[in-house]
$ cat query-v2.pdb   # PDB, C-alpha atoms
ATOM      1  CA  MET A   7      10.122   4.072 -11.749
ATOM      2  CA  GLY A   8       9.826   4.239  -7.938
ATOM      3  CA  ARG A   9      11.437   1.722  -5.598
ATOM      4  CA  LEU A  10       8.090   0.068  -4.861
ATOM      5  CA  ASP A  11       7.419  -0.489  -8.587
ATOM      6  CA  TYR A  12      10.973  -1.729  -9.132
ATOM      7  CA  TRP A  13      10.869  -4.360  -6.376
ATOM      8  CA  ALA A  14       7.292  -5.378  -7.254
ATOM      9  CA  LYS A  15       8.344  -6.231 -10.818
ATOM     10  CA  ARG A  16      11.424  -8.085  -9.549
ATOM     11  CA  VAL A  17       9.376 -10.179  -7.132
ATOM     12  CA  PHE A  18       6.344 -10.930  -9.320
ATOM     13  CA  ASN A  19       8.499 -11.833 -12.300
ATOM     14  CA  ASP A  20       9.456 -14.955 -10.330
ATOM     15  CA  PRO A  21       7.487 -17.814 -11.989
ATOM     16  CA  GLN A  22       6.430 -19.427  -8.696
ATOM     17  CA  ILE A  23       5.138 -16.197  -7.138
ATOM     18  CA  PHE A  24       3.443 -15.170 -10.400
ATOM     19  CA  ALA A  25       1.734 -18.579 -10.640
ATOM     20  CA  ASN A  26       0.731 -18.468  -6.954
ATOM     21  CA  LEU A  27      -0.874 -15.060  -7.462
ATOM     22  CA  PHE A  28      -3.124 -16.237 -10.301
ATOM     23  CA  ASN A  29      -3.791 -19.658  -8.766
ATOM     24  CA  GLY A  30      -4.808 -17.986  -5.505
ATOM     25  CA  TYR A  31      -7.155 -15.540  -7.212
ATOM     26  CA  LEU A  32      -8.619 -17.725  -9.974
ATOM     27  CA  PHE A  33      -8.555 -21.228  -8.478
ATOM     28  CA  GLY A  34      -8.588 -20.862  -4.687
ATOM     29  CA  GLY A  35      -4.923 -21.825  -4.447
ATOM     30  CA  LYS A  36      -5.125 -24.989  -6.571
ATOM     31  CA  PRO A  37      -1.985 -25.442  -8.761
ATOM     32  CA  VAL A  38      -3.675 -24.958 -12.140
ATOM     33  CA  VAL A  39      -1.203 -22.432 -13.586
ATOM     34  CA  LEU A  40       2.124 -24.279 -13.845
ATOM     35  CA  PRO A  41       5.148 -22.070 -12.985
ATOM     36  CA  GLU A  42       7.600 -24.239 -14.940
ATOM     37  CA  THR A  43       5.656 -23.593 -18.165
ATOM     38  CA  LEU A  44       5.314 -19.803 -17.823
ATOM     39  CA  ASN A  45       6.792 -17.932 -20.757
ATOM     40  CA  THR A  46       7.522 -14.223 -20.357
ATOM     41  CA  GLN A  47       6.008 -12.039 -23.083
ATOM     42  CA  ASN A  48       6.839  -8.505 -24.162
ATOM     43  CA  PRO A  49       4.689  -6.298 -21.854
ATOM     44  CA  MET A  50       4.618  -3.511 -24.462
ATOM     45  CA  GLU A  51       1.304  -3.585 -26.334
ATOM     46  CA  VAL A  52       1.414  -1.710 -29.661
ATOM     47  CA  LEU A  53      -1.521  -1.340 -32.033
ATOM     48  CA  GLN A  54      -0.733   0.053 -35.492
ATOM     49  CA  PRO A  55      -3.334  -0.153 -38.288
ATOM     50  CA  ALA A  56      -1.863  -1.625 -41.468
ATOM     51  CA  ASP A  57      -3.384   1.109 -43.620
ATOM     52  CA  ASN A  58      -1.978   4.014 -41.574
ATOM     53  CA  ARG A  59       1.612   3.625 -40.381
ATOM     54  CA  LYS A  60       1.586   7.091 -38.749
ATOM     55  CA  VAL A  61      -1.076   6.121 -36.222
ATOM     56  CA  PHE A  62      -0.363   3.729 -33.397
ATOM     57  CA  LEU A  63      -1.434   3.027 -29.841
ATOM     58  CA  GLN A  64       1.130   1.937 -27.277
ATOM     59  CA  ARG A  65       0.537   0.637 -23.749
ATOM     60  CA  GLU A  66       2.916  -1.166 -21.375
ATOM     61  CA  ARG A  67       1.810  -3.626 -18.720
ATOM     62  CA  ASP A  68       3.860  -4.412 -15.633
ATOM     63  CA  LEU A  69       4.148  -8.112 -16.534
ATOM     64  CA  LEU A  70       2.719 -10.428 -19.192
ATOM     65  CA  LYS A  71       3.242 -14.195 -19.341
ATOM     66  CA  MET A  72       1.910 -17.069 -21.438
ATOM     67  CA  ALA A  73       0.654 -19.792 -19.095
ATOM     68  CA  THR A  74       0.036 -23.491 -19.668
ATOM     69  CA  CYS A  75      -2.876 -24.740 -17.572
ATOM     70  CA  LYS A  76      -4.062 -28.231 -16.743
ATOM     71  CA  ARG A  77      -7.268 -29.151 -18.538
ATOM     72  CA  GLY A  78      -8.308 -32.718 -17.847
ATOM     73  CA  LYS A  79      -5.779 -34.948 -19.587
ATOM     74  CA  GLY A  80      -4.642 -32.089 -21.797
ATOM     75  CA  CYS A  81      -3.777 -28.454 -21.331
ATOM     76  CA  SER A  82      -4.753 -25.018 -22.590
ATOM     77  CA  PHE A  83      -3.063 -21.629 -22.865
ATOM     78  CA  LEU A  84      -3.768 -18.300 -21.168
ATOM     79  CA  LEU A  85      -2.138 -14.902 -21.439
ATOM     80  CA  LEU A  86      -1.834 -13.504 -17.905
ATOM     81  CA  GLY A  87      -1.168  -9.818 -17.359
ATOM     82  CA  LEU A  88      -0.370  -8.228 -13.997
ATOM     83  CA  GLU A  89      -0.726  -4.609 -12.912
ATOM     84  CA  ALA A  90       0.786  -3.958  -9.459
ATOM     85  CA  GLN A  91      -0.779  -0.672  -8.345
ATOM     86  CA  ALA A  92       0.921   1.481  -5.713
ATOM     87  CA  ALA A  93      -2.254   3.558  -5.294
ATOM     88  CA  PHE A  94      -5.957   3.640  -6.101
ATOM     89  CA  ASP A  95      -6.795   4.524  -9.733
ATOM     90  CA  PRO A  96     -10.493   4.751 -10.693
ATOM     91  CA  THR A  97      -9.649   4.564 -14.424
ATOM     92  CA  MET A  98      -8.203   1.054 -14.047
ATOM     93  CA  PRO A  99     -11.161  -0.719 -15.763
ATOM     94  CA  LEU A 100     -10.567   1.417 -18.855
ATOM     95  CA  ARG A 101      -6.828   0.720 -18.778
ATOM     96  CA  SER A 102      -7.401  -3.002 -18.311
ATOM     97  CA  MET A 103      -9.904  -3.094 -21.166
ATOM     98  CA  LEU A 104      -7.440  -1.280 -23.417
ATOM     99  CA  TYR A 105      -4.546  -3.644 -22.566
ATOM    100  CA  ASP A 106      -6.695  -6.667 -23.391
ATOM    101  CA  ALA A 107      -8.191  -5.188 -26.566
ATOM    102  CA  VAL A 108      -4.762  -4.292 -27.958
ATOM    103  CA  ASN A 109      -3.486  -7.785 -27.167
ATOM    104  CA  TYR A 110      -6.418  -9.495 -28.886
ATOM    105  CA  THR A 111      -5.960  -7.226 -31.921
ATOM    106  CA  THR A 112      -2.253  -8.113 -32.026
ATOM    107  CA  GLN A 113      -3.120 -11.822 -31.972
ATOM    108  CA  VAL A 114      -5.523 -11.333 -34.885
ATOM    109  CA  ASP A 115      -2.929  -9.407 -36.909
ATOM    110  CA  ARG A 116      -0.314 -12.129 -36.412
ATOM    111  CA  LEU A 117      -2.728 -14.870 -37.451
ATOM    112  CA  LYS A 118      -3.766 -12.894 -40.533
ATOM    113  CA  GLU A 119      -0.164 -12.437 -41.615
ATOM    114  CA  ALA A 120       0.722 -16.101 -41.060
ATOM    115  CA  ASN A 121      -2.413 -17.385 -42.841
ATOM    116  CA  ARG A 122      -2.004 -15.116 -45.868
ATOM    117  CA  LYS A 123       1.683 -15.961 -46.258
ATOM    118  CA  ALA A 124       0.898 -19.662 -46.096
ATOM    119  CA  GLY A 125      -2.013 -19.280 -48.538
ATOM    120  CA  ARG A 126      -4.330 -21.161 -46.219
ATOM    121  CA  LEU A 127      -7.300 -18.809 -46.563
ATOM    122  CA  SER A 128     -10.321 -19.329 -48.737
ATOM    123  CA  GLU A 129     -11.766 -16.396 -50.675
ATOM    124  CA  GLU A 130     -14.417 -15.979 -47.992
ATOM    125  CA  GLU A 131     -11.832 -16.034 -45.166
ATOM    126  CA  PHE A 132      -9.303 -13.748 -46.844
ATOM    127  CA  ILE A 133     -10.900 -10.422 -45.777
ATOM    128  CA  ALA A 134     -11.046 -11.304 -42.071
ATOM    129  CA  GLY A 135      -7.718 -13.084 -42.292
ATOM    130  CA  LEU A 136      -8.807 -15.894 -39.975
ATOM    131  CA  MET A 137      -9.606 -19.486 -40.850
ATOM    132  CA  ARG A 138     -12.793 -21.083 -39.611
ATOM    133  CA  GLY A 139     -12.207 -22.607 -36.201
ATOM    134  CA  HIS A 140      -9.317 -20.298 -35.377
ATOM    135  CA  LYS A 141      -9.590 -19.021 -31.789
ATOM    136  CA  LEU A 142      -7.557 -16.506 -29.851
ATOM    137  CA  VAL A 143      -5.698 -17.111 -26.586
ATOM    138  CA  PRO A 144      -7.755 -15.718 -23.639
ATOM    139  CA  VAL A 145      -6.240 -12.745 -21.810
ATOM    140  CA  ILE A 146      -6.731 -12.205 -18.074
ATOM    141  CA  THR A 147      -5.513  -8.988 -16.486
ATOM    142  CA  LEU A 148      -5.152  -9.027 -12.709
ATOM    143  CA  VAL A 149      -4.726  -5.860 -10.626
ATOM    144  CA  LEU A 150      -2.966  -6.039  -7.255
ATOM    145  CA  LEU A 151      -3.230  -3.046  -4.906
ATOM    146  CA  LEU A 152       0.039  -2.684  -2.975
ATOM    147  CA  SER A 153      -1.165  -0.021  -0.530
ATOM    148  CA  GLY A 154      -3.245  -0.608   2.579
ATOM    149  CA  GLY A 155      -6.167   1.503   1.382
ATOM    150  CA  LYS A 156      -9.423   0.464  -0.258
ATOM    151  CA  TRP A 157     -10.384   0.528  -3.931
ATOM    152  CA  ILE A 158     -13.074   3.177  -3.488
ATOM    153  CA  ARG A 159     -14.669   2.992  -6.936
ATOM    154  CA  GLY A 160     -13.781   1.873 -10.440
ATOM    155  CA  ARG A 161     -14.090  -1.885  -9.960
ATOM    156  CA  ARG A 162     -15.918  -1.995 -13.286
ATOM    157  CA  LEU A 163     -16.276   0.345 -16.242
ATOM    158  CA  HIS A 164     -19.859   1.286 -15.325
ATOM    159  CA  ASP A 165     -18.568   2.819 -12.072
ATOM    160  CA  ILE A 166     -16.910   5.667 -13.963
ATOM    161  CA  LEU A 167     -19.559   6.191 -16.648
ATOM    162  CA  ASP A 168     -22.402   8.694 -16.411
ATOM    163  CA  ILE A 169     -25.240   6.307 -17.325
ATOM    164  CA  PRO A 170     -28.592   8.152 -17.072
ATOM    165  CA  THR A 171     -30.888   5.145 -16.539
ATOM    166  CA  GLU A 172     -30.703   1.412 -15.841
ATOM    167  CA  GLU A 173     -32.457   0.769 -19.142
ATOM    168  CA  ILE A 174     -29.651   2.477 -21.068
ATOM    169  CA  GLY A 175     -27.051   0.802 -18.840
ATOM    170  CA  LYS A 176     -28.165  -2.619 -20.108
ATOM    171  CA  TYR A 177     -26.819  -1.739 -23.555
ATOM    172  CA  VAL A 178     -23.553  -0.100 -22.447
ATOM    173  CA  CYS A 179     -20.841  -2.773 -22.410
ATOM    174  CA  ASP A 180     -19.302  -3.176 -18.986
ATOM    175  CA  TYR A 181     -15.788  -4.293 -18.074
ATOM    176  CA  PRO A 182     -15.281  -5.632 -14.519
ATOM    177  CA  LEU A 183     -11.845  -5.623 -12.913
ATOM    178  CA  ASN A 184     -10.040  -8.660 -11.595
ATOM    179  CA  ILE A 185      -8.580  -7.055  -8.496
ATOM    180  CA  ILE A 186      -6.888  -8.106  -5.261
ATOM    181  CA  THR A 187      -7.179  -5.656  -2.348
ATOM    182  CA  PRO A 188      -5.458  -7.267   0.683
ATOM    183  CA  SER A 189      -7.013  -4.795   3.153
ATOM    184  CA  SER A 190     -10.421  -6.413   2.569
ATOM    185  CA  MET A 191      -9.193 -10.043   2.717
ATOM    186  CA  SER A 192      -9.335 -12.431   5.671
ATOM    187  CA  ASP A 193      -6.170 -14.132   6.957
ATOM    188  CA  GLY A 194      -7.457 -17.447   5.564
ATOM    189  CA  GLU A 195      -7.933 -15.976   2.080
ATOM    190  CA  ILE A 196      -4.413 -14.557   2.145
ATOM    191  CA  ARG A 197      -2.877 -17.932   3.072
ATOM    192  CA  HIS A 198      -4.260 -19.430  -0.177
ATOM    193  CA  PHE A 199      -1.509 -17.594  -2.036
ATOM    194  CA  GLY A 200       1.546 -19.472  -0.702
ATOM    195  CA  ASP A 201       4.278 -18.482   1.744
ATOM    196  CA  ASP A 202       6.283 -15.683   0.065
ATOM    197  CA  LEU A 203       3.247 -14.134  -1.601
ATOM    198  CA  SER A 204       1.062 -14.264   1.507
ATOM    199  CA  SER A 205       3.845 -12.485   3.433
ATOM    200  CA  ILE A 206       3.590  -9.648   0.905
ATOM    201  CA  LEU A 207      -0.206  -9.549   1.115
ATOM    202  CA  PHE A 208      -0.117  -9.475   4.941
ATOM    203  CA  ALA A 209       2.343  -6.563   4.745
ATOM    204  CA  VAL A 210      -0.046  -4.698   2.432
ATOM    205  CA  LYS A 211      -3.058  -5.443   4.655
ATOM    206  CA  HIS A 212      -1.361  -4.004   7.760
ATOM    207  CA  ALA A 213       0.867  -1.390   6.099
ATOM    208  CA  GLU A 214      -0.896   1.478   7.894
ATOM    209  CA  ASP A 215      -0.936  -0.204  11.326
ATOM    210  CA  LYS A 216       2.626  -1.084  12.368
ATOM    211  CA  GLU A 217       1.499  -2.658  15.648
ATOM    212  CA  ALA A 218      -0.850  -5.064  13.845
ATOM    213  CA  LEU A 219       1.851  -5.812  11.257
ATOM    214  CA  LEU A 220       4.346  -6.667  13.985
ATOM    215  CA  LYS A 221       1.874  -9.117  15.558
ATOM    216  CA  VAL A 222       1.400 -10.889  12.206
ATOM    217  CA  VAL A 223       5.158 -10.959  11.556
ATOM    218  CA  LYS A 224       5.787 -12.636  14.921
ATOM    219  CA  ARG A 225       2.938 -15.136  14.485
ATOM    220  CA  TYR A 226       3.193 -16.087  10.795
ATOM    221  CA  ARG A 227       5.969 -18.617  10.118
ATOM    222  CA  PRO A 228       6.897 -17.595   6.505
ATOM    223  CA  PHE A 229       8.157 -14.187   7.738
ATOM    224  CA  HIS A 230      11.032 -16.032   9.419
ATOM    225  CA  HIS A 231      12.489 -17.088   6.048
ATOM    226  CA  VAL A 232      11.995 -14.625   3.184
ATOM    227  CA  ASN A 233      14.156 -14.215   0.082
ATOM    228  CA  TYR A 234      15.965 -10.895  -0.396
ATOM    229  CA  GLU A 235      13.735  -9.462  -3.164
ATOM    230  CA  THR A 236      10.542 -10.248  -1.227
ATOM    231  CA  ALA A 237      12.023  -8.734   1.933
ATOM    232  CA  ARG A 238      12.865  -5.513   0.086
ATOM    233  CA  LEU A 239       9.338  -5.307  -1.325
ATOM    234  CA  ILE A 240       7.823  -5.828   2.143
ATOM    235  CA  LEU A 241       9.930  -2.966   3.528
ATOM    236  CA  GLU A 242       8.829  -0.667   0.679
ATOM    237  CA  ILE A 243       5.181  -1.567   1.239
ATOM    238  CA  ALA A 244       5.412  -0.987   5.013
ATOM    239  CA  ASN A 245       7.614   2.118   4.548
ATOM    240  CA  LEU A 246      10.294   0.802   6.908
ATOM    241  CA  ASP A 247      13.908   1.943   6.618
ATOM    242  CA  ILE A 248      15.708  -1.250   7.661
ATOM    243  CA  ASN A 249      19.137  -2.042   6.272
ATOM    244  CA  LEU A 250      19.258  -5.486   4.632
ATOM    245  CA  LYS A 251      22.167  -7.569   3.408
ATOM    246  CA  LYS A 252      21.548 -10.077   0.654
ATOM    247  CA  LYS A 253      21.665 -13.670   1.936
ATOM    248  CA  LYS A 254      21.350 -16.895  -0.038
ATOM    249  CA  GLU A 255      19.737 -18.707   2.872
ATOM    250  CA  GLY A 256      16.981 -16.126   3.249
ATOM    251  CA  ILE A 257      16.199 -13.347   5.720
ATOM    252  CA  ASP A 258      14.390 -13.549   9.053
ATOM    253  CA  MET A 259      12.035 -10.581   8.625
ATOM    254  CA  ALA A 260      10.405 -11.259  11.988
ATOM    255  CA  GLU A 261      13.733 -10.778  13.793
ATOM    256  CA  LYS A 262      14.607  -7.690  11.717
ATOM    257  CA  MET A 263      11.264  -5.979  12.259
ATOM    258  CA  VAL A 264      11.091  -6.781  15.994
ATOM    259  CA  LYS A 265      14.569  -5.275  16.519
ATOM    260  CA  PHE A 266      13.535  -2.244  14.467
ATOM    261  CA  SER A 267      10.383  -1.860  16.559
ATOM    262  CA  ASP A 268      12.272  -2.255  19.860
ATOM    263  CA  TYR A 269      14.784   0.386  18.779
ATOM    264  CA  PHE A 270      12.089   2.953  18.075
ATOM    265  CA  LEU A 271      10.180   2.037  21.246
ATOM    266  CA  LEU A 272      13.338   2.710  23.287
ATOM    267  CA  LYS A 273      13.970   5.862  21.263
ATOM    268  CA  GLY A 274      10.421   6.991  22.001
ATOM    269  CA  ILE A 275      10.903   6.440  25.750
ATOM    270  CA  GLU A 276      14.172   8.406  25.689
ATOM    271  CA  GLN A 277      12.541  11.220  23.752
ATOM    272  CA  GLY A 278       9.647  11.200  26.223
ATOM    273  CA  ILE A 279      12.039  11.517  29.172
ATOM    274  CA  GLU A 280      13.895  14.371  27.466
ATOM    275  CA  LYS A 281      10.633  16.171  26.722
ATOM    276  CA  GLY A 282       9.537  15.639  30.331
ATOM    277  CA  ILE A 283      12.761  17.140  31.655
ATOM    278  CA  GLU A 284      12.455  20.105  29.288
ATOM    279  CA  LYS A 285       8.847  20.591  30.326
ATOM    280  CA  GLY A 286       9.789  20.381  34.010
ATOM    281  CA  ILE A 287      12.590  22.925  33.624
ATOM    282  CA  LYS A 288      10.294  25.282  31.742
ATOM    283  CA  LYS A 289       7.595  24.883  34.377
ATOM    284  CA  GLY A 290      10.137  25.494  37.137
ATOM    285  CA  ILE A 291      11.350  28.676  35.457
ATOM    286  CA  GLU A 292       7.786  29.901  35.033
ATOM    287  CA  LYS A 293       7.093  29.132  38.689
ATOM    288  CA  GLY A 294      10.234  30.963  39.731
ATOM    289  CA  ILE A 295       9.288  34.040  37.725
ATOM    290  CA  GLU A 296       5.808  34.033  39.232
ATOM    291  CA  GLN A 297       7.291  33.594  42.726
ATOM    292  CA  GLY A 298       9.542  36.589  42.156
ATOM    293  CA  GLU A 299       6.638  38.706  40.981
ATOM    294  CA  VAL A 300       4.568  37.779  44.072
ATOM    295  CA  GLN A 301       7.417  38.712  46.403
ATOM    296  CA  GLY A 302       7.992  41.967  44.487
ATOM    297  CA  THR A 303       4.324  42.934  44.821
ATOM    298  CA  ILE A 304       4.343  42.245  48.588
ATOM    299  CA  LYS A 305       7.493  44.311  49.118
ATOM    300  CA  THR A 306       6.110  47.242  47.111
ATOM    301  CA  MET A 307       2.787  47.236  49.041
ATOM    302  CA  LEU A 308       4.629  47.034  52.383
ATOM    303  CA  ASP A 309       6.719  50.068  51.408
ATOM    304  CA  LEU A 310       3.464  51.892  50.616
ATOM    305  CA  GLY A 311       2.161  51.057  54.109
ATOM    306  CA  LYS A 312      -0.652  48.753  52.952
ATOM    307  CA  SER A 313      -2.334  46.527  55.524
ATOM    308  CA  CYS A 314      -2.100  42.735  55.685
ATOM    309  CA  GLU A 315      -5.696  42.384  54.431
ATOM    310  CA  GLU A 316      -5.063  44.658  51.439
ATOM    311  CA  ILE A 317      -1.911  42.782  50.430
ATOM    312  CA  CYS A 318      -3.595  39.335  50.672
ATOM    313  CA  LEU A 319      -6.584  40.574  48.648
ATOM    314  CA  ARG A 320      -4.239  41.893  45.949
ATOM    315  CA  LEU A 321      -2.374  38.572  45.749
ATOM    316  CA  THR A 322      -5.565  36.499  45.417
ATOM    317  CA  GLU A 323      -6.888  38.756  42.649
ATOM    318  CA  LYS A 324      -3.674  39.125  40.596
ATOM    319  CA  TYR A 325      -2.070  35.678  40.978
ATOM    320  CA  ALA A 326      -5.127  33.504  41.660
ATOM    321  CA  LEU A 327      -3.710  32.418  45.051
ATOM    322  CA  THR A 328      -5.944  31.138  47.840
ATOM    323  CA  LYS A 329      -6.156  33.218  51.027
ATOM    324  CA  GLN A 330      -3.919  30.703  52.842
ATOM    325  CA  GLU A 331      -1.300  30.803  50.048
ATOM    326  CA  ALA A 332      -1.309  34.597  50.057
ATOM    327  CA  GLN A 333      -0.817  34.677  53.866
ATOM    328  CA  LYS A 334       2.046  32.179  53.545
ATOM    329  CA  GLU A 335       3.833  34.344  50.959
ATOM    330  CA  LEU A 336       3.306  37.448  53.107
ATOM    331  CA  ALA A 337       4.761  35.683  56.141
ATOM    332  CA  LYS A 338       8.069  35.233  54.295
ATOM    333  CA  LEU A 339       8.620  39.046  54.242
ATOM    334  CA  TRP A 340       6.516  40.096  57.246
ATOM    335  CA  PRO A 341       6.546  37.289  59.798
ATOM    336  CA  GLY A 342       4.085  37.463  62.693
ATOM    337  CA  ASN A 343       2.030  40.340  61.222
ATOM    338  CA  HIS A 344      -0.667  38.602  59.122
TER     339      HIS A 344
END
$ encode --input "query-v2.pdb" --output "structure tokens"
Amino acid sequence: MGRLDYWAKRVFNDPQIFANLFNGYLFGGKPVVLPETLNTQNPMEVLQPADNRKVFLQRERDLLKMATCKRGKGCSFLLLGLEAQAAFDPTMPLRSMLYDAVNYTTQVDRLKEANRKAGRLSEEEFIAGLMRGHKLVPVITLVLLLSGGKWIRGRRLHDILDIPTEEIGKYVCDYPLNIITPSSMSDGEIRHFGDDLSSILFAVKHAEDKEALLKVVKRYRPFHHVNYETARLILEIANLDINLKKKKEGIDMAEKMVKFSDYFLLKGIEQGIEKGIEKGIKKGIEKGIEQGEVQGTIKTMLDLGKSCEEICLRLTEKYALTKQEAQKELAKLWPGNH
């Protein structure tokens, strides 16, 4: 597991952030999913047919929680699964469909076993294993892209299928993704997700543009007080190597990132000055060598008895000097004779 995956699971396992993520996506930020009622489930999905113990299918989600949701005066249950993706994966609709199918099958198997043990099934119900009126808990899988790129294709199963005609496509079952891609979200949409979570989403949105990220960090209040796990995730998302110490009272990410930016700005200026000096020295050396060659050519032609006009013509042709520059160089070795 990479550091990004590790910190993503640590952060999103927090009931409040997990609830905010689903409330923001499903209900526009309304507190429908209650964090205090979230119950963590085993993310490992295993499907093993009862009649063949050698065959089984195993898939592991990032996180899976049972949620209690408000429903008028009562409440209902949902199984909420999260996949935090570090990169684009066009096969995600197939993976999501498989996670959900295995979970529904597991629910059916558990109900069958409980009903048969309790002897509650009629002869008609015994084969299916379910009593009339029995319903399964709905499963919602949400995908969160943690890189600043776009989800190019694969937002639904049809996107990765070779369907020859629309007519045939009508009969091929589709499976759309529930996906959050921060790079395509407005600032207002991001703020629906609550303080800590929106800080993460802003970091994802501007991960590839450090200047834009720094502007958001300075402007957006929640960055000034971020818990340690969230801060570490933000740094992994933005690929910033800033040393953090764990603090109970929270971390001012705005201050940390501004100092980090100022350091590298100063470093860049220093490096620019050094490169300029190196370039100047190199240019000076090259100029000196050329100057020596010009003077050597003049001296040789003087020794051979060449005229002033011949020497100046040679200098303009070989060293691309103007006539005035050539006469000036000649005057250094033969004053008053040009």
$ residues_around --input "query-v2.pdb" --residues "Glu242 (chain A)" --least-positions-apart "5" --cutoff "12 Å" --atoms "only C-alpha atoms" --output "PyMOL selection string"
chain A and resi 8-14+92+152-153+206+209-210+213+235-237+247-249
$ residues_around --input "query-v2.pdb" --residues "Phe18 (chain A)" --least-positions-apart "2" --cutoff "9 Å" --atoms "all atoms listed in the file" --output "count of residues only"
14
$ residues_near_point --input "query-v2.pdb" --point "(-1.4, -13.6, -15.6)" --cutoff "12 Å" --atoms "all atoms listed in the file" --output "ChimeraX atom specification"
/A:18-19,21-32,39-41,44-47,49,67-75,83-90,106,144-150,184
$ write_last_selection --input "query-v2.pdb" --atoms "C-alpha atoms" --output "PDB file, in the frame of the given file"
ATOM      1  CA  PHE A  18       6.344 -10.930  -9.320  1.00  0.00           C
ATOM      2  CA  ASN A  19       8.499 -11.833 -12.300  1.00  0.00           C
ATOM      3  CA  PRO A  21       7.487 -17.814 -11.989  1.00  0.00           C
ATOM      4  CA  GLN A  22       6.430 -19.427  -8.696  1.00  0.00           C
ATOM      5  CA  ILE A  23       5.138 -16.197  -7.138  1.00  0.00           C
ATOM      6  CA  PHE A  24       3.443 -15.170 -10.400  1.00  0.00           C
ATOM      7  CA  ALA A  25       1.734 -18.579 -10.640  1.00  0.00           C
ATOM      8  CA  ASN A  26       0.731 -18.468  -6.954  1.00  0.00           C
ATOM      9  CA  LEU A  27      -0.874 -15.060  -7.462  1.00  0.00           C
ATOM     10  CA  PHE A  28      -3.124 -16.237 -10.301  1.00  0.00           C
ATOM     11  CA  ASN A  29      -3.791 -19.658  -8.766  1.00  0.00           C
ATOM     12  CA  GLY A  30      -4.808 -17.986  -5.505  1.00  0.00           C
ATOM     13  CA  TYR A  31      -7.155 -15.540  -7.212  1.00  0.00           C
ATOM     14  CA  LEU A  32      -8.619 -17.725  -9.974  1.00  0.00           C
ATOM     15  CA  VAL A  39      -1.203 -22.432 -13.586  1.00  0.00           C
ATOM     16  CA  LEU A  40       2.124 -24.279 -13.845  1.00  0.00           C
ATOM     17  CA  PRO A  41       5.148 -22.070 -12.985  1.00  0.00           C
ATOM     18  CA  LEU A  44       5.314 -19.803 -17.823  1.00  0.00           C
ATOM     19  CA  ASN A  45       6.792 -17.932 -20.757  1.00  0.00           C
ATOM     20  CA  THR A  46       7.522 -14.223 -20.357  1.00  0.00           C
ATOM     21  CA  GLN A  47       6.008 -12.039 -23.083  1.00  0.00           C
ATOM     22  CA  PRO A  49       4.689  -6.298 -21.854  1.00  0.00           C
ATOM     23  CA  ARG A  67       1.810  -3.626 -18.720  1.00  0.00           C
ATOM     24  CA  ASP A  68       3.860  -4.412 -15.633  1.00  0.00           C
ATOM     25  CA  LEU A  69       4.148  -8.112 -16.534  1.00  0.00           C
ATOM     26  CA  LEU A  70       2.719 -10.428 -19.192  1.00  0.00           C
ATOM     27  CA  LYS A  71       3.242 -14.195 -19.341  1.00  0.00           C
ATOM     28  CA  MET A  72       1.910 -17.069 -21.438  1.00  0.00           C
ATOM     29  CA  ALA A  73       0.654 -19.792 -19.095  1.00  0.00           C
ATOM     30  CA  THR A  74       0.036 -23.491 -19.668  1.00  0.00           C
ATOM     31  CA  CYS A  75      -2.876 -24.740 -17.572  1.00  0.00           C
ATOM     32  CA  PHE A  83      -3.063 -21.629 -22.865  1.00  0.00           C
ATOM     33  CA  LEU A  84      -3.768 -18.300 -21.168  1.00  0.00           C
ATOM     34  CA  LEU A  85      -2.138 -14.902 -21.439  1.00  0.00           C
ATOM     35  CA  LEU A  86      -1.834 -13.504 -17.905  1.00  0.00           C
ATOM     36  CA  GLY A  87      -1.168  -9.818 -17.359  1.00  0.00           C
ATOM     37  CA  LEU A  88      -0.370  -8.228 -13.997  1.00  0.00           C
ATOM     38  CA  GLU A  89      -0.726  -4.609 -12.912  1.00  0.00           C
ATOM     39  CA  ALA A  90       0.786  -3.958  -9.459  1.00  0.00           C
ATOM     40  CA  ASP A 106      -6.695  -6.667 -23.391  1.00  0.00           C
ATOM     41  CA  PRO A 144      -7.755 -15.718 -23.639  1.00  0.00           C
ATOM     42  CA  VAL A 145      -6.240 -12.745 -21.810  1.00  0.00           C
ATOM     43  CA  ILE A 146      -6.731 -12.205 -18.074  1.00  0.00           C
ATOM     44  CA  THR A 147      -5.513  -8.988 -16.486  1.00  0.00           C
ATOM     45  CA  LEU A 148      -5.152  -9.027 -12.709  1.00  0.00           C
ATOM     46  CA  VAL A 149      -4.726  -5.860 -10.626  1.00  0.00           C
ATOM     47  CA  LEU A 150      -2.966  -6.039  -7.255  1.00  0.00           C
ATOM     48  CA  ASN A 184     -10.040  -8.660 -11.595  1.00  0.00           C
TER      49      ASN A 184
END
$ resolve_selection --input "query-v2.pdb" --expression "the PyMOL selection byres ((chain A and resi 309-314) around 12)" --output "ChimeraX atom specification"
/A:302-308,315-321,329,332-337,339-344
$ closest_residue --input "query-v2.pdb" --among "A:Leu167, A:Leu142, A:Lys252, A:Cys81" --to "Thr43 (chain A)" --atoms "all atoms listed in the file"
A:Cys81
$ atom_distance --input "query-v2.pdb" --atom1 "CA of Glu217 (chain A)" --atom2 "CA of Met263 (chain A)"
10.9 Å
$ closest_residue --input "query-v2.pdb" --among "A:Ile158, A:Leu239, A:Leu117, A:Val17" --to "Asp95 (chain A)" --atoms "all atoms listed in the file"
A:Ile158
$ resolve_selection --input "query-v2.pdb" --expression "the PyMOL selection byres ((chain A and resi 189) around 9)" --output "CSV table (one decimal) with C-alpha atoms, in the coordinates of the input"
chain,number,residue,atom,x,y,z
A,153,SER,CA,-1.2,0.0,-0.5
A,154,GLY,CA,-3.2,-0.6,2.6
A,155,GLY,CA,-6.2,1.5,1.4
A,156,LYS,CA,-9.4,0.5,-0.3
A,187,THR,CA,-7.2,-5.7,-2.3
A,188,PRO,CA,-5.5,-7.3,0.7
A,190,SER,CA,-10.4,-6.4,2.6
A,191,MET,CA,-9.2,-10.0,2.7
A,192,SER,CA,-9.3,-12.4,5.7
A,207,LEU,CA,-0.2,-9.5,1.1
A,208,PHE,CA,-0.1,-9.5,4.9
A,210,VAL,CA,0.0,-4.7,2.4
A,211,LYS,CA,-3.1,-5.4,4.7
A,212,HIS,CA,-1.4,-4.0,7.8
